[in-house]
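To start, the structure itself, in structure tokens.
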Amino acid sequence: MADETRAARAPSGTHDVLWPESTRWESVVATFATQVEAAGYGLAHTPMFEDVRVFRRGIGEGSDVVGKEMYEFEDRGGRTLALRPEGTAPMVRAFVQHRPPLPWKAWYVTPAFRYERPQAGRYRQHHQLGVESLGTPDPDLDVEVISLADRFFRSLGLAAFTLGINSMGDQVCRPAYLELLRAYLADREDQLCPEHGGRLDANPLRVLDCKREGCRTASAHAPHLIDHLCGPCAAHFTRVCEGLVALGVPYAFDHRLVRGFDYYTRTTFEFASGALESAQNGIGGGGRYDGLVEMLGGPPTPGIGFGIGIERLLMACDAEGVLAVSPTPLDAFVVDVAGGGTARDLTAELRAAGLRADRSFDDRSLKSQMKAADRSGALVALIVGPDETAAGTVSLRPMRGRGDQRTVPRSQVAEAVREAVGR
Ligand SMILES: [Zn+2]
Ligand SMILES: [Zn+2]
């Protein structure tokens, strides 16, 4: 393949979303926006790139995301920047910078960039929807956030998914639990996978999260953090569980659901699709990060949020056979074989009247324009020839087999189309 041809392909690990597939994206984002805005969340846009320190502090140097997968670069002014690998850290950075009144409830839709090995369901540019809510440690907020995600998935038609929840404890109770877990795993260190065998001192929680056989077996009966929570953390977790029951959100406790950094506290949760392969079945997740605002230079401010990967979500929809591509058809297609002036004016009038209308250009033949009208999926064709022009009329032809062609006065076309298409 010639180099010029290669340059005209999307980069490895990225993908184009064209119409009509893109109508599903519009529908996913619009549904999400409607639901979270009904709960008081407002849209926030932050830049596609940030000072790299936002992510080093906000996600953690030791994570794969920051250590191995970030698109990091120096700009022409010598600043070290990174394309956002996820949604939360930039939102918290924006909060620290602008200090909006609390509670601050925001939602976002954004591309996220990770240099991963491209494979099904993993992209170097993928897209996320999410919410962040800052300003209160109230466990009822955790319930609100989790139930918003649950309701969103259900409203798309998804049913075969599960919600796992856990508590990460806090700085009061977690250190003692980590010691306990470390001691437990130290006795089984020979079973651990090569990556985690020598690194128990760093973070034993990684073993719980590890998908490899050795770590799974060694930790199968490890002590659970929720059995070692301090009083306030235990009360928080109980209240969250009660709230999920009250709102009818099914969940299961999952002691492997851990996040490796100190600023994650208490509630952590993840939604998994039963219709996808287990290695890549996560369709969304999140948790509390009561220490993150401080890590990014703000005042102590509790927070919680979640992120949903749109590509993975659509894979789950495909696997369940829901949210099919169904673009809204055009109402009318204007076929003008009398010079194009009527097509020009009439499409503008119809659009101004709130109807979807299109036309052909280049003064094509009647046959060619009718073919275009058919291909467009329009519900009616509006045909204008010399006879119609002379009589001040338009011929309205239903395109989807309903009713006969009829003649409509030029001044009443919008009304007639509205009636014909039922809008
Ligand atoms: Zn492991
Ligand atoms: Zn605690």
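Order determines the names: the first chain of the structure tokens is A, the second B, and so forth; residues in each chain are numbered 1 upward, and ligands are numbered 1 upward as they are shown.
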May I have the residues within 10 Å of A:Glu320 as an mmCIF file with C-alpha atoms, in the first residue's frame, using only C-alpha atoms and disregarding those fewer than 2 positions away in the same chain?
data_model
loop_
_atom_site.group_PDB
_atom_site.id
_atom_site.type_symbol
_atom_site.label_atom_id
_atom_site.label_comp_id
_atom_site.auth_asym_id
_atom_site.auth_seq_id
_atom_site.Cartn_x
_atom_site.Cartn_y
_atom_site.Cartn_z
ATOM 1 C CA GLY A 157 -33.223 -1.765 26.924
ATOM 2 C CA LEU A 158 -30.321 -3.556 28.643
ATOM 3 C CA ALA A 159 -31.320 -6.232 31.145
ATOM 4 C CA ALA A 160 -28.464 -8.772 31.271
ATOM 5 C CA SER A 273 -22.736 -7.089 31.026
ATOM 6 C CA GLY A 274 -23.588 -10.778 31.109
ATOM 7 C CA ALA A 275 -23.932 -10.678 27.339
ATOM 8 C CA LEU A 276 -20.231 -9.875 26.778
ATOM 9 C CA LEU A 314 -23.020 -0.339 22.368
ATOM 10 C CA MET A 315 -21.365 -3.777 22.188
ATOM 11 C CA ALA A 316 -23.543 -4.837 25.115
ATOM 12 C CA CYS A 317 -26.607 -3.415 23.328
ATOM 13 C CA ASP A 318 -25.717 -5.393 20.187
ATOM 14 C CA VAL A 322 -31.424 -3.680 21.815
ATOM 15 C CA LEU A 323 -30.963 -0.091 20.641
#
- Residues within 9 Å of A:Phe361, only C-alpha atoms, excluding chain neighbours under 3 positions, as a ChimeraX atom specification: /A:340,343,364,369
At a cut-off of 9 Å around ligand 2, and using only C-alpha atoms and all ligand atoms, what residues come up? Please write them as a JSON list (two decimals) with all heavy atoms, in the first residue's frame.
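Okay, this is what ended up in selection_24.json:
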[["chain", "number", "residue", "atom", "x", "y", "z"],
["A", 168, "MET", "N", -14.25, 0.52, 50.13],
["A", 168, "MET", "CA", -12.78, 0.60, 50.25],
["A", 168, "MET", "C", -12.36, 1.06, 51.63],
["A", 168, "MET", "O", -11.19, 1.25, 51.89],
["A", 168, "MET", "CB", -12.23, 1.61, 49.25],
["A", 168, "MET", "CG", -12.46, 1.28, 47.80],
["A", 168, "MET", "SD", -11.46, -0.12, 47.31],
["A", 168, "MET", "CE", -9.82, 0.52, 47.60],
["A", 169, "GLY", "N", -13.34, 1.31, 52.51],
["A", 169, "GLY", "CA", -12.98, 1.85, 53.82],
["A", 169, "GLY", "C", -12.40, 3.26, 53.70],
["A", 169, "GLY", "O", -12.63, 3.95, 52.72],
["A", 170, "ASP", "N", -11.65, 3.67, 54.69],
["A", 170, "ASP", "CA", -11.02, 4.99, 54.64],
["A", 170, "ASP", "C", -9.66, 4.94, 55.36],
["A", 170, "ASP", "O", -9.17, 3.85, 55.66],
["A", 170, "ASP", "CB", -11.94, 6.06, 55.25],
["A", 170, "ASP", "CG", -12.25, 5.79, 56.73],
["A", 170, "ASP", "OD1", -11.67, 4.83, 57.31],
["A", 170, "ASP", "OD2", -13.06, 6.53, 57.31],
["A", 171, "GLN", "N", -9.11, 6.10, 55.63],
["A", 171, "GLN", "CA", -7.77, 6.13, 56.25],
["A", 171, "GLN", "C", -7.78, 5.61, 57.68],
["A", 171, "GLN", "O", -6.74, 5.29, 58.24],
["A", 171, "GLN", "CB", -7.19, 7.56, 56.22],
["A", 171, "GLN", "CG", -6.86, 8.04, 54.82],
["A", 171, "GLN", "CD", -6.10, 7.01, 53.99],
["A", 171, "GLN", "OE1", -5.17, 6.36, 54.49],
["A", 171, "GLN", "NE2", -6.52, 6.80, 52.75],
["A", 172, "VAL", "N", -8.96, 5.53, 58.28],
["A", 172, "VAL", "CA", -9.05, 5.02, 59.65],
["A", 172, "VAL", "C", -8.94, 3.49, 59.66],
["A", 172, "VAL", "O", -8.18, 2.92, 60.42],
["A", 172, "VAL", "CB", -10.38, 5.46, 60.32],
["A", 172, "VAL", "CG1", -10.53, 4.86, 61.71],
["A", 172, "VAL", "CG2", -10.46, 6.99, 60.38],
["A", 173, "CYS", "N", -9.72, 2.84, 58.79],
["A", 173, "CYS", "CA", -9.80, 1.38, 58.86],
["A", 173, "CYS", "C", -8.99, 0.63, 57.81],
["A", 173, "CYS", "O", -8.66, -0.54, 57.99],
["A", 173, "CYS", "CB", -11.27, 0.93, 58.81],
["A", 173, "CYS", "SG", -12.21, 1.61, 57.43],
["A", 174, "ARG", "N", -8.66, 1.28, 56.71],
["A", 174, "ARG", "CA", -7.99, 0.54, 55.65],
["A", 174, "ARG", "C", -6.57, 0.09, 55.99],
["A", 174, "ARG", "O", -6.19, -1.04, 55.67],
["A", 174, "ARG", "CB", -8.00, 1.31, 54.33],
["A", 174, "ARG", "CG", -7.57, 0.45, 53.16],
["A", 174, "ARG", "CD", -7.87, 1.08, 51.82],
["A", 174, "ARG", "NE", -8.05, 2.52, 51.99],
["A", 174, "ARG", "CZ", -8.31, 3.36, 51.01],
["A", 174, "ARG", "NH1", -8.43, 2.92, 49.79],
["A", 174, "ARG", "NH2", -8.47, 4.64, 51.23],
["A", 228, "HIS", "N", -13.98, -5.51, 58.03],
["A", 228, "HIS", "CA", -13.01, -4.80, 58.88],
["A", 228, "HIS", "C", -13.17, -3.29, 58.79],
["A", 228, "HIS", "O", -12.24, -2.53, 59.03],
["A", 228, "HIS", "CB", -11.58, -5.21, 58.48],
["A", 228, "HIS", "CG", -11.34, -6.69, 58.68],
["A", 228, "HIS", "ND1", -10.91, -7.21, 59.88],
["A", 228, "HIS", "CD2", -11.54, -7.74, 57.85],
["A", 228, "HIS", "CE1", -10.83, -8.54, 59.76],
["A", 228, "HIS", "NE2", -11.21, -8.89, 58.55],
["A", 229, "LEU", "N", -14.36, -2.85, 58.41],
["A", 229, "LEU", "CA", -14.61, -1.41, 58.32],
["A", 229, "LEU", "C", -14.75, -0.80, 59.71],
["A", 229, "LEU", "O", -15.24, -1.47, 60.63],
["A", 229, "LEU", "CB", -15.89, -1.13, 57.53],
["A", 229, "LEU", "CG", -15.92, -1.56, 56.06],
["A", 229, "LEU", "CD1", -17.31, -1.32, 55.46],
["A", 229, "LEU", "CD2", -14.86, -0.80, 55.26],
["A", 230, "CYS", "N", -14.37, 0.47, 59.86],
["A", 230, "CYS", "CA", -14.62, 1.18, 61.11],
["A", 230, "CYS", "C", -16.12, 1.51, 61.19],
["A", 230, "CYS", "O", -16.84, 1.36, 60.19],
["A", 230, "CYS", "CB", -13.77, 2.45, 61.19],
["A", 230, "CYS", "SG", -14.14, 3.68, 59.93],
["A", 231, "GLY", "N", -16.57, 1.96, 62.33],
["A", 231, "GLY", "CA", -18.00, 2.23, 62.54],
["A", 231, "GLY", "C", -18.60, 3.14, 61.47],
["A", 231, "GLY", "O", -19.60, 2.77, 60.83],
["A", 232, "PRO", "N", -18.02, 4.31, 61.24],
["A", 232, "PRO", "CA", -18.61, 5.22, 60.24],
["A", 232, "PRO", "C", -18.62, 4.62, 58.83],
["A", 232, "PRO", "O", -19.60, 4.80, 58.09],
["A", 232, "PRO", "CB", -17.71, 6.46, 60.30],
["A", 232, "PRO", "CG", -17.11, 6.42, 61.68],
["A", 232, "PRO", "CD", -16.95, 4.97, 62.02],
["A", 233, "CYS", "N", -17.56, 3.90, 58.45],
["A", 233, "CYS", "CA", -17.53, 3.30, 57.10],
["A", 233, "CYS", "C", -18.59, 2.20, 57.00],
["A", 233, "CYS", "O", -19.25, 2.05, 55.97],
["A", 233, "CYS", "CB", -16.16, 2.71, 56.78],
["A", 233, "CYS", "SG", -14.92, 3.96, 56.39],
["A", 234, "ALA", "N", -18.75, 1.42, 58.06],
["A", 234, "ALA", "CA", -19.75, 0.34, 58.05],
["A", 234, "ALA", "C", -21.15, 0.94, 57.95],
["A", 234, "ALA", "O", -22.00, 0.44, 57.19],
["A", 234, "ALA", "CB", -19.61, -0.52, 59.31],
["A", 265, "THR", "N", -12.21, 6.10, 48.51],
["A", 265, "THR", "CA", -12.74, 5.81, 49.83],
["A", 265, "THR", "C", -14.12, 5.20, 49.70],
["A", 265, "THR", "O", -14.87, 5.52, 48.78],
["A", 265, "THR", "CB", -12.88, 7.10, 50.66],
["A", 265, "THR", "OG1", -13.53, 8.06, 49.87],
["A", 265, "THR", "CG2", -11.51, 7.62, 51.09],
["A", 266, "ARG", "N", -14.41, 4.34, 50.63],
["A", 266, "ARG", "CA", -15.76, 3.80, 50.77],
["A", 266, "ARG", "C", -16.31, 3.21, 49.46],
["A", 266, "ARG", "O", -15.64, 2.39, 48.85],
["A", 266, "ARG", "CB", -16.68, 4.86, 51.39],
["A", 266, "ARG", "CG", -16.17, 5.21, 52.80],
["A", 266, "ARG", "CD", -17.07, 6.14, 53.56],
["A", 266, "ARG", "NE", -16.58, 6.26, 54.95],
["A", 266, "ARG", "CZ", -17.01, 7.13, 55.82],
["A", 266, "ARG", "NH1", -17.95, 7.99, 55.50],
["A", 266, "ARG", "NH2", -16.51, 7.15, 57.02]]
- Please identify all polymer residues within 9 Å of A:Phe253, counting only C-alpha atoms, omitting same-chain residues fewer than 6 positions from it, and present them as a list in words. Leu163, Gly164, Ile165 and Asn166 of chain A
Go ahead and save the picked residues with N, CA, C and O atoms, as a compact mmCIF listing (two decimals), in the first residue's frame.
# COMPACT_ATOMS: atom_id res chain seq x y z
N LEU A 163 -24.65 -5.50 38.92
CA LEU A 163 -23.97 -4.41 39.62
C LEU A 163 -23.24 -5.02 40.81
O LEU A 163 -23.85 -5.68 41.66
N GLY A 164 -21.93 -4.83 40.84
CA GLY A 164 -21.15 -5.26 42.00
C GLY A 164 -20.80 -4.05 42.83
O GLY A 164 -20.49 -2.98 42.29
N ILE A 165 -20.87 -4.17 44.16
CA ILE A 165 -20.44 -3.05 44.99
C ILE A 165 -19.54 -3.53 46.12
O ILE A 165 -19.55 -4.70 46.51
N ASN A 166 -18.75 -2.60 46.62
CA ASN A 166 -17.82 -2.91 47.70
C ASN A 166 -17.55 -1.60 48.44
O ASN A 166 -17.93 -0.52 47.98
- Message: Taking only C-alpha atoms and all ligand atoms and a cut-off of 6 Å, can you tell me which residues surround ligand 1, written as number ranges by chain?
- Response: A: 192-193, 195-196, 207, 210, 212, 215
- Task: Between A:Ala338, A:Leu200, A:Val52, A:Met399, single out the one closest to A:Phe73, counting only C-alpha atoms.
- Result: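 Of A:Ala338, A:Leu200, A:Val52, A:Met399, the one nearest A:Phe73, counting only C-alpha atoms, is A:Val52.
One finds atom CA of A:Phe113 at 16.5 Å from atom CA of A:Gly284.
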Considering only C-alpha atoms, return as a PDB file with all heavy atoms, in the first residue's frame whatever protein or nucleic-acid residues lie within 9 Å of stretch 27-34 of chain A, sequence-local ones (same chain, fewer than 5 positions apart) excluded.
ATOM      1  N   SER A  22     -24.113   6.518  13.748  1.00  0.00           N
ATOM      2  CA  SER A  22     -23.976   7.670  14.651  1.00  0.00           C
ATOM      3  C   SER A  22     -25.298   8.064  15.307  1.00  0.00           C
ATOM      4  O   SER A  22     -25.304   8.715  16.349  1.00  0.00           O
ATOM      5  CB  SER A  22     -23.399   8.861  13.885  1.00  0.00           C
ATOM      6  OG  SER A  22     -24.184   9.132  12.740  1.00  0.00           O
ATOM      7  N   ALA A  39     -31.840  15.048  37.255  1.00  0.00           N
ATOM      8  CA  ALA A  39     -31.384  14.851  38.628  1.00  0.00           C
ATOM      9  C   ALA A  39     -30.462  15.996  39.080  1.00  0.00           C
ATOM     10  O   ALA A  39     -29.782  15.876  40.101  1.00  0.00           O
ATOM     11  CB  ALA A  39     -30.657  13.507  38.751  1.00  0.00           C
ATOM     12  N   TYR A  41     -27.843  17.480  37.358  1.00  0.00           N
ATOM     13  CA  TYR A  41     -26.460  17.521  36.863  1.00  0.00           C
ATOM     14  C   TYR A  41     -26.380  18.425  35.634  1.00  0.00           C
ATOM     15  O   TYR A  41     -27.258  18.382  34.773  1.00  0.00           O
ATOM     16  CB  TYR A  41     -25.973  16.106  36.501  1.00  0.00           C
ATOM     17  CG  TYR A  41     -25.811  15.224  37.724  1.00  0.00           C
ATOM     18  CD1 TYR A  41     -26.917  14.719  38.386  1.00  0.00           C
ATOM     19  CD2 TYR A  41     -24.550  14.946  38.234  1.00  0.00           C
ATOM     20  CE1 TYR A  41     -26.783  13.943  39.531  1.00  0.00           C
ATOM     21  CE2 TYR A  41     -24.401  14.174  39.381  1.00  0.00           C
ATOM     22  CZ  TYR A  41     -25.525  13.676  40.023  1.00  0.00           C
ATOM     23  OH  TYR A  41     -25.379  12.918  41.153  1.00  0.00           O
ATOM     24  N   GLY A  42     -25.333  19.238  35.565  1.00  0.00           N
ATOM     25  CA  GLY A  42     -25.147  20.137  34.429  1.00  0.00           C
ATOM     26  C   GLY A  42     -23.931  19.718  33.617  1.00  0.00           C
ATOM     27  O   GLY A  42     -22.956  19.204  34.168  1.00  0.00           O
ATOM     28  N   LEU A  43     -24.006  19.971  32.311  1.00  0.00           N
ATOM     29  CA  LEU A  43     -22.912  19.568  31.415  1.00  0.00           C
ATOM     30  C   LEU A  43     -21.652  20.402  31.666  1.00  0.00           C
ATOM     31  O   LEU A  43     -21.723  21.623  31.823  1.00  0.00           O
ATOM     32  CB  LEU A  43     -23.361  19.754  29.961  1.00  0.00           C
ATOM     33  CG  LEU A  43     -22.322  19.498  28.866  1.00  0.00           C
ATOM     34  CD1 LEU A  43     -21.865  18.046  28.864  1.00  0.00           C
ATOM     35  CD2 LEU A  43     -22.897  19.881  27.502  1.00  0.00           C
ATOM     36  N   TRP A 107     -22.005  16.556  34.582  1.00  0.00           N
ATOM     37  CA  TRP A 107     -21.874  15.383  33.705  1.00  0.00           C
ATOM     38  C   TRP A 107     -21.014  15.741  32.512  1.00  0.00           C
ATOM     39  O   TRP A 107     -20.812  16.923  32.217  1.00  0.00           O
ATOM     40  CB  TRP A 107     -23.237  14.830  33.284  1.00  0.00           C
ATOM     41  CG  TRP A 107     -24.021  15.609  32.266  1.00  0.00           C
ATOM     42  CD1 TRP A 107     -24.865  16.662  32.513  1.00  0.00           C
ATOM     43  CD2 TRP A 107     -24.053  15.397  30.845  1.00  0.00           C
ATOM     44  NE1 TRP A 107     -25.420  17.106  31.338  1.00  0.00           N
ATOM     45  CE2 TRP A 107     -24.940  16.350  30.293  1.00  0.00           C
ATOM     46  CE3 TRP A 107     -23.427  14.496  29.988  1.00  0.00           C
ATOM     47  CZ2 TRP A 107     -25.221  16.432  28.921  1.00  0.00           C
ATOM     48  CZ3 TRP A 107     -23.702  14.571  28.621  1.00  0.00           C
ATOM     49  CH2 TRP A 107     -24.601  15.539  28.105  1.00  0.00           C
ATOM     50  N   TYR A 108     -20.470  14.721  31.869  1.00  0.00           N
ATOM     51  CA  TYR A 108     -19.596  14.962  30.727  1.00  0.00           C
ATOM     52  C   TYR A 108     -19.760  13.873  29.681  1.00  0.00           C
ATOM     53  O   TYR A 108     -20.226  12.770  29.972  1.00  0.00           O
ATOM     54  CB  TYR A 108     -18.118  15.029  31.167  1.00  0.00           C
ATOM     55  CG  TYR A 108     -17.614  13.751  31.807  1.00  0.00           C
ATOM     56  CD1 TYR A 108     -17.154  12.687  31.024  1.00  0.00           C
ATOM     57  CD2 TYR A 108     -17.604  13.591  33.194  1.00  0.00           C
ATOM     58  CE1 TYR A 108     -16.706  11.510  31.596  1.00  0.00           C
ATOM     59  CE2 TYR A 108     -17.162  12.420  33.774  1.00  0.00           C
ATOM     60  CZ  TYR A 108     -16.707  11.378  32.976  1.00  0.00           C
ATOM     61  OH  TYR A 108     -16.277  10.206  33.545  1.00  0.00           O
ATOM     62  N   VAL A 109     -19.389  14.212  28.473  1.00  0.00           N
ATOM     63  CA  VAL A 109     -19.222  13.212  27.413  1.00  0.00           C
ATOM     64  C   VAL A 109     -17.925  13.597  26.736  1.00  0.00           C
ATOM     65  O   VAL A 109     -17.732  14.750  26.352  1.00  0.00           O
ATOM     66  CB  VAL A 109     -20.428  13.178  26.448  1.00  0.00           C
ATOM     67  CG1 VAL A 109     -20.762  14.539  25.876  1.00  0.00           C
ATOM     68  CG2 VAL A 109     -20.185  12.171  25.322  1.00  0.00           C
ATOM     69  N   LEU A 129     -19.108   8.596  28.922  1.00  0.00           N
ATOM     70  CA  LEU A 129     -20.154   9.414  29.534  1.00  0.00           C
ATOM     71  C   LEU A 129     -19.970   9.273  31.034  1.00  0.00           C
ATOM     72  O   LEU A 129     -19.674   8.173  31.501  1.00  0.00           O
ATOM     73  CB  LEU A 129     -21.522   8.823  29.229  1.00  0.00           C
ATOM     74  CG  LEU A 129     -22.161   9.055  27.889  1.00  0.00           C
ATOM     75  CD1 LEU A 129     -23.341   8.105  27.759  1.00  0.00           C
ATOM     76  CD2 LEU A 129     -22.610  10.490  27.769  1.00  0.00           C
ATOM     77  N   GLY A 130     -20.175  10.333  31.777  1.00  0.00           N
ATOM     78  CA  GLY A 130     -20.043  10.152  33.211  1.00  0.00           C
ATOM     79  C   GLY A 130     -20.630  11.302  33.999  1.00  0.00           C
ATOM     80  O   GLY A 130     -21.040  12.330  33.436  1.00  0.00           O
ATOM     81  N   ALA A 149     -26.991   5.421  36.963  1.00  0.00           N
ATOM     82  CA  ALA A 149     -26.363   4.547  35.958  1.00  0.00           C
ATOM     83  C   ALA A 149     -27.259   3.346  35.670  1.00  0.00           C
ATOM     84  O   ALA A 149     -27.483   2.983  34.513  1.00  0.00           O
ATOM     85  CB  ALA A 149     -24.987   4.098  36.444  1.00  0.00           C
ATOM     86  N   PHE A 152     -30.210   4.353  33.582  1.00  0.00           N
ATOM     87  CA  PHE A 152     -29.787   4.666  32.217  1.00  0.00           C
ATOM     88  C   PHE A 152     -29.623   3.385  31.396  1.00  0.00           C
ATOM     89  O   PHE A 152     -30.151   3.270  30.287  1.00  0.00           O
ATOM     90  CB  PHE A 152     -28.476   5.453  32.267  1.00  0.00           C
ATOM     91  CG  PHE A 152     -27.818   5.635  30.933  1.00  0.00           C
ATOM     92  CD1 PHE A 152     -28.454   6.314  29.908  1.00  0.00           C
ATOM     93  CD2 PHE A 152     -26.549   5.124  30.693  1.00  0.00           C
ATOM     94  CE1 PHE A 152     -27.851   6.477  28.665  1.00  0.00           C
ATOM     95  CE2 PHE A 152     -25.933   5.277  29.463  1.00  0.00           C
ATOM     96  CZ  PHE A 152     -26.585   5.961  28.445  1.00  0.00           C
ATOM     97  N   SER A 155     -32.988   1.941  30.601  1.00  0.00           N
ATOM     98  CA  SER A 155     -33.784   2.718  29.648  1.00  0.00           C
ATOM     99  C   SER A 155     -33.329   2.464  28.211  1.00  0.00           C
ATOM    100  O   SER A 155     -34.080   2.680  27.271  1.00  0.00           O
ATOM    101  CB  SER A 155     -33.727   4.209  29.979  1.00  0.00           C
ATOM    102  OG  SER A 155     -32.432   4.703  29.709  1.00  0.00           O
ATOM    103  N   LEU A 156     -32.073   2.001  28.041  1.00  0.00           N
ATOM    104  CA  LEU A 156     -31.621   1.654  26.691  1.00  0.00           C
ATOM    105  C   LEU A 156     -32.131   0.276  26.274  1.00  0.00           C
ATOM    106  O   LEU A 156     -31.972  -0.123  25.130  1.00  0.00           O
ATOM    107  CB  LEU A 156     -30.090   1.655  26.624  1.00  0.00           C
ATOM    108  CG  LEU A 156     -29.384   2.981  26.905  1.00  0.00           C
ATOM    109  CD1 LEU A 156     -27.874   2.799  26.828  1.00  0.00           C
ATOM    110  CD2 LEU A 156     -29.830   4.068  25.935  1.00  0.00           C
ATOM    111  N   ILE A 310     -18.773   4.308  25.957  1.00  0.00           N
ATOM    112  CA  ILE A 310     -19.860   4.236  24.966  1.00  0.00           C
ATOM    113  C   ILE A 310     -19.677   3.038  24.024  1.00  0.00           C
ATOM    114  O   ILE A 310     -20.642   2.319  23.732  1.00  0.00           O
ATOM    115  CB  ILE A 310     -19.973   5.553  24.165  1.00  0.00           C
ATOM    116  CG1 ILE A 310     -20.340   6.701  25.112  1.00  0.00           C
ATOM    117  CG2 ILE A 310     -21.014   5.422  23.049  1.00  0.00           C
ATOM    118  CD1 ILE A 310     -20.491   8.056  24.427  1.00  0.00           C
ATOM    119  N   LEU A 314     -22.348   0.030  23.619  1.00  0.00           N
ATOM    120  CA  LEU A 314     -23.020  -0.339  22.368  1.00  0.00           C
ATOM    121  C   LEU A 314     -22.794  -1.806  22.015  1.00  0.00           C
ATOM    122  O   LEU A 314     -23.671  -2.465  21.449  1.00  0.00           O
ATOM    123  CB  LEU A 314     -22.565   0.583  21.219  1.00  0.00           C
ATOM    124  CG  LEU A 314     -23.063   2.027  21.349  1.00  0.00           C
ATOM    125  CD1 LEU A 314     -22.455   2.907  20.257  1.00  0.00           C
ATOM    126  CD2 LEU A 314     -24.588   2.097  21.273  1.00  0.00           C
ATOM    127  N   LEU A 323     -31.447  -1.363  21.185  1.00  0.00           N
ATOM    128  CA  LEU A 323     -30.963  -0.091  20.641  1.00  0.00           C
ATOM    129  C   LEU A 323     -30.460  -0.250  19.202  1.00  0.00           C
ATOM    130  O   LEU A 323     -29.317   0.060  18.884  1.00  0.00           O
ATOM    131  CB  LEU A 323     -29.857   0.495  21.525  1.00  0.00           C
ATOM    132  CG  LEU A 323     -29.596   1.992  21.338  1.00  0.00           C
ATOM    133  CD1 LEU A 323     -30.740   2.802  21.943  1.00  0.00           C
ATOM    134  CD2 LEU A 323     -28.294   2.421  21.979  1.00  0.00           C
TER     135      LEU A 323
END
- Would you kindly return, as an MDAnalysis selection string, each protein, DNA or RNA residue with an atom no farther than 12 Å from any atom of A:Asp404, considering only C-alpha atoms and excluding same-chain residues fewer than 6 positions away? chainID A and resid 380:381 395:398 420
Would you export the selected residues with N, CA and C atoms as a PDB file, in the first residue's frame, please?
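Result file is part10.pdb:
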ATOM      1  N   VAL A 380     -42.426  11.392   2.095  1.00  0.00           N
ATOM      2  CA  VAL A 380     -43.139  11.851   0.897  1.00  0.00           C
ATOM      3  C   VAL A 380     -42.159  12.537  -0.060  1.00  0.00           C
ATOM      4  N   ALA A 381     -42.508  12.452  -1.370  1.00  0.00           N
ATOM      5  CA  ALA A 381     -41.781  13.232  -2.370  1.00  0.00           C
ATOM      6  C   ALA A 381     -42.679  14.395  -2.786  1.00  0.00           C
ATOM      7  N   SER A 395     -46.927  18.382  -6.517  1.00  0.00           N
ATOM      8  CA  SER A 395     -47.508  17.036  -6.416  1.00  0.00           C
ATOM      9  C   SER A 395     -46.896  16.322  -5.218  1.00  0.00           C
ATOM     10  N   LEU A 396     -47.763  15.864  -4.330  1.00  0.00           N
ATOM     11  CA  LEU A 396     -47.300  15.179  -3.120  1.00  0.00           C
ATOM     12  C   LEU A 396     -47.488  13.681  -3.318  1.00  0.00           C
ATOM     13  N   ARG A 397     -46.360  12.948  -3.321  1.00  0.00           N
ATOM     14  CA  ARG A 397     -46.452  11.496  -3.527  1.00  0.00           C
ATOM     15  C   ARG A 397     -45.946  10.744  -2.288  1.00  0.00           C
ATOM     16  N   PRO A 398     -46.841   9.996  -1.619  1.00  0.00           N
ATOM     17  CA  PRO A 398     -46.382   9.189  -0.485  1.00  0.00           C
ATOM     18  C   PRO A 398     -45.377   8.157  -0.967  1.00  0.00           C
ATOM     19  N   ALA A 420     -49.652  14.361   5.988  1.00  0.00           N
ATOM     20  CA  ALA A 420     -49.304  13.073   5.332  1.00  0.00           C
ATOM     21  C   ALA A 420     -48.377  12.226   6.198  1.00  0.00           C
TER      22      ALA A 420
END
- Which distance in Å separates atom CA of A:Arg239 and atom CA of A:Ser167, to one decimal? 11.8 Å
- From the set A:Glu242, A:Asp209, A:Glu311, A:Asp75, which residue has the shortest atom-to-atom contact distance to A:Arg24, counting only C-alpha atoms?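 Nearest to A:Arg24: A:Glu311.
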- Compare A:Gly422, A:Tyr115, A:Gly309, A:Val384 by their minimum atom-to-atom distance to A:Gly341, counting only C-alpha atoms, and give me the closest one.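 When distances to A:Gly341 are compared using only C-alpha atoms, the smallest one comes from A:Val384.
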- Hey, what does DSSP flag as alpha helix (DSSP H) within stretch 130-254 of chain A? Can you give it to me as a VMD selection string? chain A and resid 139 to 155 174 to 186 194 to 197 205 to 209 213 to 218 231 to 246
Residues of stretch 216-302 of chain A that have any atom at most 7 Å from an atom of stretch 132-144 of chain A: could you tabulate them with the shortest-distance atom pair and the distance in Å to one decimal, using only C-alpha atoms, ordered by chain and increasing number, as a tab-separated table?
residue	atom	partner	partner_atom	distance
A:His236	CA	A:Pro139	CA	5.7
A:Arg239	CA	A:Pro139	CA	6.3
A:Val240	CA	A:Pro139	CA	5.5
A:Gly243	CA	A:Val143	CA	5.8
A:Leu244	CA	A:Val143	CA	6.0
A:Thr301	CA	A:Gly135	CA	5.5
A:Pro302	CA	A:Gly135	CA	5.4
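Comparing A:Ala414, A:Asp336, A:Thr393, A:Thr268 by their smallest distance to A:Ala348, the closest is A:Ala414 (using only C-alpha atoms).
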- Could you work out how far atom CA of A:Pro194 lies from atom CA of A:Glu277, giving the answer in Å with one decimal?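 Rounded to one decimal, the two atoms are 24.6 Å apart.
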- What's the 6 Å shell around stretch 76-88 of chain A, counting only C-alpha atoms, without same-chain residues fewer than 6 positions away, as number ranges by chain? A: 48-52, 112-114
- Message: So that I can see what lies close to A:Arg400, please list as an MDAnalysis selection string the residues with an atom at most 10 Å from it, counting only C-alpha atoms and leaving out residues fewer than 3 positions away in the same chain.
- Response: chainID A and resid 374 377:380 397 403
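Remark: for A:Cys241, the closest of the candidate residues A:Arg216, A:Gly354, A:Ile146, A:Gln125 is A:Ile146 (distances computed over only C-alpha atoms).
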- Return the single residue from A:Leu355, A:Leu346, A:Val36, A:Val54 that is closest to A:Pro329, with distances computed using only C-alpha atoms. A:Leu355
